[in-house]
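Coordinates as given in start.csv (CSV, N, CA and C atoms):
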chain,number,residue,atom,x,y,z
C,19,MET,N,26.4,-83.2,33.2
C,19,MET,CA,27.7,-82.7,32.8
C,19,MET,C,27.5,-81.7,31.7
C,20,ASN,N,28.2,-80.6,31.8
C,20,ASN,CA,28.1,-79.6,30.7
C,20,ASN,C,29.0,-79.9,29.6
C,21,LYS,N,28.4,-80.2,28.4
C,21,LYS,CA,29.2,-80.6,27.2
C,21,LYS,C,29.5,-79.4,26.3
C,22,LYS,N,29.3,-78.2,26.8
C,22,LYS,CA,29.5,-77.0,25.9
C,22,LYS,C,31.0,-77.0,25.5
C,23,TYR,N,31.9,-77.3,26.3
C,23,TYR,CA,33.3,-77.2,26.0
C,23,TYR,C,34.0,-78.5,25.7
C,24,LEU,N,33.2,-79.5,25.6
C,24,LEU,CA,33.8,-80.9,25.3
C,24,LEU,C,34.4,-80.8,23.9
C,25,GLY,N,35.6,-81.2,23.8
C,25,GLY,CA,36.3,-81.2,22.5
C,25,GLY,C,36.9,-79.9,22.0
C,26,SER,N,36.6,-78.8,22.7
C,26,SER,CA,37.2,-77.5,22.3
C,26,SER,C,38.5,-77.3,23.1
C,27,ASN,N,39.3,-76.3,22.7
C,27,ASN,CA,40.5,-76.1,23.4
C,27,ASN,C,40.4,-75.0,24.5
C,28,PHE,N,41.4,-75.0,25.3
C,28,PHE,CA,41.4,-74.1,26.5
C,28,PHE,C,41.3,-72.7,26.1
C,29,ASP,N,42.0,-72.3,25.0
C,29,ASP,CA,42.0,-70.9,24.5
C,29,ASP,C,40.6,-70.5,24.2
C,30,ASP,N,39.8,-71.4,23.5
C,30,ASP,CA,38.4,-71.0,23.2
C,30,ASP,C,37.6,-70.8,24.4
C,31,PHE,N,37.8,-71.6,25.4
C,31,PHE,CA,37.1,-71.4,26.7
C,31,PHE,C,37.5,-70.1,27.3
C,32,LEU,N,38.8,-69.8,27.4
C,32,LEU,CA,39.2,-68.5,28.0
C,32,LEU,C,38.7,-67.3,27.2
C,33,LYS,N,38.7,-67.4,25.9
C,33,LYS,CA,38.2,-66.3,25.1
C,33,LYS,C,36.7,-66.1,25.4
C,34,GLU,N,35.9,-67.2,25.4
C,34,GLU,CA,34.5,-67.0,25.7
C,34,GLU,C,34.2,-66.4,27.1
C,35,GLU,N,35.1,-66.7,28.0
C,35,GLU,CA,34.9,-66.2,29.4
C,35,GLU,C,35.5,-64.8,29.5
C,36,GLY,N,36.1,-64.3,28.5
C,36,GLY,CA,36.8,-63.0,28.5
C,36,GLY,C,38.1,-62.9,29.3
C,37,LEU,N,38.7,-64.1,29.4
C,37,LEU,CA,40.0,-64.2,30.2
C,37,LEU,C,41.2,-64.4,29.3
C,38,LEU,N,41.1,-64.6,28.0
C,38,LEU,CA,42.2,-65.0,27.2
C,38,LEU,C,43.3,-64.0,27.2
C,39,VAL,N,43.0,-62.7,27.0
C,39,VAL,CA,44.1,-61.7,27.0
C,39,VAL,C,44.8,-61.6,28.3
C,40,GLU,N,44.1,-61.6,29.4
C,40,GLU,CA,44.7,-61.6,30.7
C,40,GLU,C,45.6,-62.8,30.9
C,41,ALA,N,45.1,-64.0,30.6
C,41,ALA,CA,45.9,-65.2,30.8
C,41,ALA,C,47.2,-65.2,29.9
C,42,GLU,N,47.1,-64.7,28.7
C,42,GLU,CA,48.3,-64.6,27.9
C,42,GLU,C,49.3,-63.6,28.4
C,43,ALA,N,48.8,-62.5,29.0
C,43,ALA,CA,49.7,-61.5,29.5
C,43,ALA,C,50.4,-62.0,30.7
C,44,VAL,N,49.7,-62.8,31.6
C,44,VAL,CA,50.3,-63.4,32.8
C,44,VAL,C,51.4,-64.4,32.3
C,45,ALA,N,51.0,-65.2,31.3
C,45,ALA,CA,51.9,-66.2,30.8
C,45,ALA,C,53.2,-65.6,30.2
C,46,LEU,N,53.0,-64.5,29.5
C,46,LEU,CA,54.1,-63.8,28.9
C,46,LEU,C,55.0,-63.3,29.9
C,47,LYS,N,54.5,-62.7,31.0
C,47,LYS,CA,55.3,-62.1,32.1
C,47,LYS,C,56.1,-63.2,32.7
C,48,ARG,N,55.5,-64.4,32.9
C,48,ARG,CA,56.2,-65.5,33.5
C,48,ARG,C,57.3,-66.0,32.6
C,49,VAL,N,57.1,-66.0,31.3
C,49,VAL,CA,58.2,-66.4,30.4
C,49,VAL,C,59.3,-65.5,30.4
C,50,ILE,N,59.0,-64.2,30.4
C,50,ILE,CA,60.1,-63.2,30.4
C,50,ILE,C,60.9,-63.2,31.7
C,51,ALA,N,60.2,-63.3,32.8
C,51,ALA,CA,60.9,-63.4,34.1
C,51,ALA,C,61.8,-64.6,34.2
C,52,PHE,N,61.3,-65.8,33.6
C,52,PHE,CA,62.1,-67.0,33.6
C,52,PHE,C,63.3,-66.8,32.7
C,53,GLN,N,63.1,-66.2,31.5
C,53,GLN,CA,64.2,-66.0,30.6
C,53,GLN,C,65.3,-65.1,31.2
C,54,ILE,N,64.9,-64.1,31.9
C,54,ILE,CA,65.9,-63.2,32.5
C,54,ILE,C,66.6,-63.9,33.6
C,55,ALA,N,65.9,-64.6,34.4
C,55,ALA,CA,66.5,-65.4,35.5
C,55,ALA,C,67.5,-66.4,34.9
C,56,GLN,N,67.1,-67.1,33.9
C,56,GLN,CA,68.0,-68.1,33.2
C,56,GLN,C,69.3,-67.4,32.7
C,57,LEU,N,69.1,-66.3,32.0
C,57,LEU,CA,70.3,-65.6,31.5
C,57,LEU,C,71.2,-65.1,32.6
C,58,MET,N,70.6,-64.6,33.7
C,58,MET,CA,71.4,-64.2,34.8
C,58,MET,C,72.2,-65.3,35.4
C,59,GLU,N,71.5,-66.5,35.5
C,59,GLU,CA,72.2,-67.7,36.1
C,59,GLU,C,73.3,-68.2,35.2
C,60,SER,N,73.0,-68.3,33.9
C,60,SER,CA,74.0,-68.8,33.0
C,60,SER,C,75.2,-67.8,32.8
C,61,SER,N,75.0,-66.6,33.1
C,61,SER,CA,76.1,-65.6,33.0
C,61,SER,C,76.7,-65.3,34.4
C,62,SER,N,76.2,-66.0,35.4
C,62,SER,CA,76.7,-65.8,36.8
C,62,SER,C,76.5,-64.4,37.3
C,63,ILE,N,75.4,-63.8,37.0
C,63,ILE,CA,75.1,-62.4,37.4
C,63,ILE,C,74.1,-62.5,38.6
C,64,SER,N,74.6,-61.9,39.7
C,64,SER,CA,73.7,-61.9,40.9
C,64,SER,C,72.7,-60.8,40.7
C,65,LYS,N,71.7,-60.8,41.6
C,65,LYS,CA,70.6,-59.8,41.6
C,65,LYS,C,71.3,-58.4,41.9
C,66,THR,N,72.2,-58.4,42.8
C,66,THR,CA,72.9,-57.1,43.1
C,66,THR,C,73.7,-56.6,41.9
C,67,ALA,N,74.4,-57.5,41.2
C,67,ALA,CA,75.2,-57.1,40.0
C,67,ALA,C,74.2,-56.6,38.9
C,68,MET,N,73.1,-57.3,38.8
C,68,MET,CA,72.1,-56.9,37.7
C,68,MET,C,71.6,-55.5,38.1
C,69,ALA,N,71.3,-55.3,39.3
C,69,ALA,CA,70.8,-54.0,39.7
C,69,ALA,C,71.8,-52.9,39.4
C,70,LYS,N,73.1,-53.1,39.6
C,70,LYS,CA,74.1,-52.2,39.3
C,70,LYS,C,74.2,-51.9,37.8
C,71,ARG,N,74.1,-53.0,37.0
C,71,ARG,CA,74.1,-52.9,35.5
C,71,ARG,C,73.0,-52.1,35.0
C,72,MET,N,71.8,-52.3,35.6
C,72,MET,CA,70.6,-51.6,35.2
C,72,MET,C,70.4,-50.2,35.9
C,73,GLN,N,71.3,-49.9,36.8
C,73,GLN,CA,71.3,-48.6,37.5
C,73,GLN,C,69.9,-48.5,38.3
C,74,THR,N,69.6,-49.5,39.0
C,74,THR,CA,68.3,-49.6,39.7
C,74,THR,C,68.6,-50.3,41.1
C,75,SER,N,67.6,-50.5,41.8
C,75,SER,CA,67.7,-51.1,43.1
C,75,SER,C,67.5,-52.7,43.0
C,76,ARG,N,68.0,-53.4,44.0
C,76,ARG,CA,67.9,-54.8,44.1
C,76,ARG,C,66.4,-55.2,44.2
C,77,SER,N,65.6,-54.3,44.9
C,77,SER,CA,64.2,-54.6,45.0
C,77,SER,C,63.5,-54.5,43.7
C,78,ALA,N,64.0,-53.6,42.8
C,78,ALA,CA,63.4,-53.5,41.4
C,78,ALA,C,63.7,-54.8,40.6
C,79,ILE,N,64.8,-55.4,40.9
C,79,ILE,CA,65.2,-56.7,40.2
C,79,ILE,C,64.3,-57.8,40.7
C,80,GLU,N,64.0,-57.8,42.0
C,80,GLU,CA,63.1,-58.7,42.6
C,80,GLU,C,61.7,-58.6,42.0
C,81,ARG,N,61.2,-57.4,41.7
C,81,ARG,CA,59.9,-57.2,41.1
C,81,ARG,C,60.0,-57.7,39.6
C,82,LEU,N,61.1,-57.4,38.9
C,82,LEU,CA,61.3,-57.8,37.6
C,82,LEU,C,61.2,-59.4,37.4
C,83,LEU,N,61.8,-60.1,38.4
C,83,LEU,CA,61.9,-61.5,38.4
C,83,LEU,C,60.7,-62.2,39.0
C,84,ASP,N,59.8,-61.4,39.6
C,84,ASP,CA,58.6,-62.0,40.2
C,84,ASP,C,57.6,-62.2,39.1
C,85,PRO,N,57.3,-63.5,38.8
C,85,PRO,CA,56.4,-63.8,37.7
C,85,PRO,C,54.9,-63.3,37.9
C,86,SER,N,54.6,-63.0,39.1
C,86,SER,CA,53.2,-62.5,39.4
C,86,SER,C,53.1,-61.0,39.4
C,87,ASN,N,54.2,-60.3,39.3
C,87,ASN,CA,54.2,-58.9,39.3
C,87,ASN,C,54.0,-58.4,37.9
C,88,GLU,N,52.9,-57.8,37.6
C,88,GLU,CA,52.6,-57.3,36.3
C,88,GLU,C,52.9,-55.9,36.0
C,89,SER,N,53.6,-55.2,36.9
C,89,SER,CA,53.9,-53.8,36.7
C,89,SER,C,55.2,-53.5,36.1
C,90,VAL,N,55.8,-54.4,35.4
C,90,VAL,CA,57.1,-54.2,34.8
C,90,VAL,C,56.9,-53.3,33.5
C,91,THR,N,57.7,-52.3,33.3
C,91,THR,CA,57.5,-51.4,32.2
C,91,THR,C,58.4,-51.9,31.0
C,92,LEU,N,58.1,-51.4,29.8
C,92,LEU,CA,59.0,-51.7,28.7
C,92,LEU,C,60.4,-51.1,28.9
C,93,GLN,N,60.5,-50.0,29.5
C,93,GLN,CA,61.8,-49.4,29.8
C,93,GLN,C,62.6,-50.3,30.7
C,94,THR,N,62.0,-50.9,31.7
C,94,THR,CA,62.7,-51.8,32.6
C,94,THR,C,63.1,-53.1,31.8
C,95,LEU,N,62.3,-53.6,31.0
C,95,LEU,CA,62.6,-54.8,30.2
C,95,LEU,C,63.8,-54.5,29.2
C,96,GLU,N,63.8,-53.3,28.6
C,96,GLU,CA,64.8,-52.9,27.7
C,96,GLU,C,66.2,-52.8,28.5
C,97,ARG,N,66.1,-52.2,29.6
C,97,ARG,CA,67.4,-52.1,30.4
C,97,ARG,C,67.9,-53.4,30.9
C,98,ALA,N,67.0,-54.3,31.2
C,98,ALA,CA,67.4,-55.7,31.6
C,98,ALA,C,68.0,-56.4,30.4
C,99,ALA,N,67.4,-56.3,29.3
C,99,ALA,CA,67.9,-56.9,28.1
C,99,ALA,C,69.3,-56.4,27.8
C,100,MET,N,69.5,-55.1,27.8
C,100,MET,CA,70.8,-54.5,27.6
C,100,MET,C,71.9,-55.0,28.6
C,101,ALA,N,71.4,-55.0,29.9
C,101,ALA,CA,72.3,-55.5,30.9
C,101,ALA,C,72.8,-56.9,30.7
C,102,LEU,N,72.0,-57.7,30.0
C,102,LEU,CA,72.4,-59.1,29.7
C,102,LEU,C,73.0,-59.3,28.3
C,103,GLY,N,73.2,-58.2,27.7
C,103,GLY,CA,73.8,-58.2,26.3
C,103,GLY,C,72.8,-58.7,25.3
C,104,LYS,N,71.6,-58.4,25.5
C,104,LYS,CA,70.5,-58.8,24.6
C,104,LYS,C,69.7,-57.6,24.1
C,105,ARG,N,68.9,-57.8,23.2
C,105,ARG,CA,68.0,-56.8,22.6
C,105,ARG,C,66.6,-57.2,22.9
C,106,LEU,N,65.7,-56.3,23.4
C,106,LEU,CA,64.3,-56.6,23.6
C,106,LEU,C,63.6,-56.6,22.3
C,107,GLN,N,62.8,-57.5,22.0
C,107,GLN,CA,62.0,-57.6,20.8
C,107,GLN,C,60.5,-57.9,21.1
C,108,ILE,N,59.7,-57.0,20.7
C,108,ILE,CA,58.2,-57.2,20.9
C,108,ILE,C,57.5,-57.2,19.6
C,109,GLU,N,56.6,-58.1,19.4
C,109,GLU,CA,55.9,-58.2,18.2
C,109,GLU,C,54.4,-58.3,18.4
C,110,LEU,N,53.6,-57.8,17.5
C,110,LEU,CA,52.2,-57.9,17.5
C,110,LEU,C,51.8,-59.1,16.6
C,111,VAL,N,51.0,-60.0,17.1
C,111,VAL,CA,50.6,-61.1,16.3
C,111,VAL,C,49.1,-61.2,16.2
C,112,ASP,N,48.6,-61.9,15.2
C,112,ASP,CA,47.1,-62.0,15.0
C,112,ASP,C,46.5,-62.9,16.1
C,113,PHE,N,45.3,-62.6,16.4
C,113,PHE,CA,44.5,-63.5,17.3
C,113,PHE,C,44.2,-64.8,16.7
C,114,THR,N,44.4,-65.0,15.4
C,114,THR,CA,44.1,-66.2,14.7
C,114,THR,C,45.1,-67.3,15.0
C,115,LEU,N,46.2,-67.0,15.7
C,115,LEU,CA,47.2,-68.0,16.0
C,115,LEU,C,46.7,-68.8,17.3
C,116,THR,N,46.7,-70.1,17.2
C,116,THR,CA,46.3,-70.9,18.3
C,116,THR,C,47.3,-72.0,18.5
C,117,PHE,N,47.2,-72.7,19.6
C,117,PHE,CA,48.1,-73.9,19.8
C,117,PHE,C,47.3,-75.1,19.5
C,118,ASN,N,47.9,-76.0,18.7
C,118,ASN,CA,47.3,-77.3,18.5
C,118,ASN,C,47.7,-78.3,19.6
C,119,ARG,N,47.2,-79.5,19.5
C,119,ARG,CA,47.5,-80.5,20.6
C,119,ARG,C,48.9,-80.8,20.8
C,120,ASN,N,49.8,-80.5,19.8
C,120,ASN,CA,51.2,-80.8,19.9
C,120,ASN,C,52.0,-79.6,20.4
C,121,ASP,N,51.3,-78.6,20.9
C,121,ASP,CA,51.9,-77.4,21.4
C,121,ASP,C,52.7,-76.7,20.4
C,122,LYS,N,52.3,-76.7,19.1
C,122,LYS,CA,53.0,-76.0,18.1
C,122,LYS,C,51.9,-75.0,17.6
C,123,ARG,N,52.4,-73.8,17.1
C,123,ARG,CA,51.5,-72.8,16.6
C,123,ARG,C,51.2,-73.1,15.2
C,124,GLU,N,49.9,-72.9,14.8
C,124,GLU,CA,49.6,-73.0,13.4
C,124,GLU,C,48.4,-72.0,13.2
C,125,LYS,N,48.4,-71.5,12.0
C,125,LYS,CA,47.3,-70.5,11.6
C,125,LYS,C,46.0,-71.3,11.4
C,126,LYS,N,44.9,-70.8,11.8
C,126,LYS,CA,43.6,-71.4,11.6
C,126,LYS,C,43.2,-71.4,10.1
C,127,SER,N,43.8,-70.5,9.4
C,127,SER,CA,43.4,-70.4,8.0
C,127,SER,C,43.9,-71.5,7.1
C,128,GLY,N,44.6,-72.5,7.7
C,128,GLY,CA,45.0,-73.7,7.0
C,128,GLY,C,46.5,-73.6,6.7
C,129,ASP,N,47.2,-72.5,6.9
C,129,ASP,CA,48.6,-72.4,6.7
C,129,ASP,C,49.3,-73.3,7.7
C,130,LYS,N,50.0,-74.3,7.2
C,130,LYS,CA,50.6,-75.3,8.1
C,130,LYS,C,52.0,-75.0,8.6
C,131,GLN,N,52.4,-73.7,8.4
C,131,GLN,CA,53.7,-73.3,9.0
C,131,GLN,C,53.6,-73.3,10.5
C,132,LYS,N,54.5,-74.1,11.1
C,132,LYS,CA,54.5,-74.2,12.6
C,132,LYS,C,55.7,-73.5,13.2
C,133,ARG,N,55.5,-72.9,14.3
C,133,ARG,CA,56.5,-72.3,15.1
C,133,ARG,C,56.5,-72.8,16.5
C,134,SER,N,57.7,-72.6,17.1
C,134,SER,CA,57.8,-73.0,18.5
C,134,SER,C,56.9,-72.1,19.4
C,135,PRO,N,56.4,-72.6,20.5
C,135,PRO,CA,55.5,-71.7,21.3
C,135,PRO,C,56.3,-70.6,22.0
C,136,ASN,N,57.6,-70.7,22.0
C,136,ASN,CA,58.5,-69.7,22.6
C,136,ASN,C,58.3,-68.4,21.7
C,137,ARG,N,58.0,-67.3,22.3
C,137,ARG,CA,57.7,-66.1,21.5
C,137,ARG,C,58.9,-65.3,21.0
C,138,THR,N,60.1,-65.7,21.5
C,138,THR,CA,61.3,-65.0,21.0
C,138,THR,C,61.8,-65.7,19.9
C,139,ARG,N,62.5,-65.0,19.0
C,139,ARG,CA,63.1,-65.6,17.8
C,139,ARG,C,64.6,-65.2,17.7
C,140,SER,N,65.4,-66.0,17.2
C,140,SER,CA,66.8,-65.7,16.9
C,140,SER,C,66.9,-64.9,15.6
C,141,LYS,N,68.0,-64.3,15.3
C,141,LYS,CA,68.1,-63.5,14.1
C,141,LYS,C,67.9,-64.4,12.9
C,142,ALA,N,68.3,-65.7,13.0
C,142,ALA,CA,68.2,-66.6,11.9
C,142,ALA,C,66.8,-66.8,11.5
C,143,GLN,N,65.9,-66.7,12.4
C,143,GLN,CA,64.4,-66.9,12.1
C,143,GLN,C,63.8,-65.7,11.5
C,144,TRP,N,64.4,-64.5,11.5
C,144,TRP,CA,63.9,-63.4,10.8
C,144,TRP,C,64.3,-63.4,9.4

Representation of the structure as structure tokens:
Amino acid sequence: MNKKYLGSNFDDFLKEEGLLVEAEAVALKRVIAFQIAQLMESSSISKTAMAKRMQTSRSAIERLLDPSNESVTLQTLERAAMALGKRLQIELVDFTLTFNRNDKREKKSGDKQKRSPNRTRSKAQW
């Protein structure tokens, strides 16, 4: 049995294999697609209505909501946010952030400030 990764976390493994950035991008796309779908559902907005609000096609909405489709542009995300009465927010974060065993973020430097794994923040958190 290979004990190289015994006791390490999955992010460390992905980083060593050169897959961490890609895995995080896929995960982020899935989260965004899920959030948009949830907002559409809670607001009773159909895909057709969303397409009209965004001035695009229904097939473009299908691509936007497809968690495996990585070709969504920032412009499309911004238009989707506006169509849902939201504002798109993107932030750059340090690579030093990791998830601990309780799925909370904490800085490796010893700073114990924890945040939710959800990458979006409300105005009150800023």

Near Val49 (chain C), counting all atoms listed in the file, which residues have an atom at most 7 Å away, once you skip same-chain residues fewer than 5 positions from it, shown as a tab-separated table (two decimals) with N, CA and C atoms, in the frame of the given file?
chain	number	residue	atom	x	y	z
C	44	VAL	N	49.70	-62.80	31.60
C	44	VAL	CA	50.30	-63.40	32.80
C	44	VAL	C	51.40	-64.40	32.30
C	54	ILE	N	64.90	-64.10	31.90
C	54	ILE	CA	65.90	-63.20	32.50
C	54	ILE	C	66.60	-63.90	33.60
C	85	PRO	N	57.30	-63.50	38.80
C	85	PRO	CA	56.40	-63.80	37.70
C	85	PRO	C	54.90	-63.30	37.90

Coordinates-based distance that separates CA of Gln93 (chain C) from CA of Gln73 (chain C) (Å, one decimal):
12.3 Å

Is there a way to get, as a ChimeraX atom specification, all residues within 12 Å of the point (63.1, -54.6, 32.4) in file coordinates, counting only C-alpha atoms?
/C:47,50-51,53-55,68-69,71-74,78-84,88-102,104-106

Coordinates-based distance that separates CA of Arg76 (chain C) from CA of Ser60 (chain C) (Å, one decimal):
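That distance, rounded to one decimal, is 18.9 Å.
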
Work out how far apart atom C of Asn87 (chain C) and atom C of Glu35 (chain C) are and give it in Å to one decimal.
21.3 Å
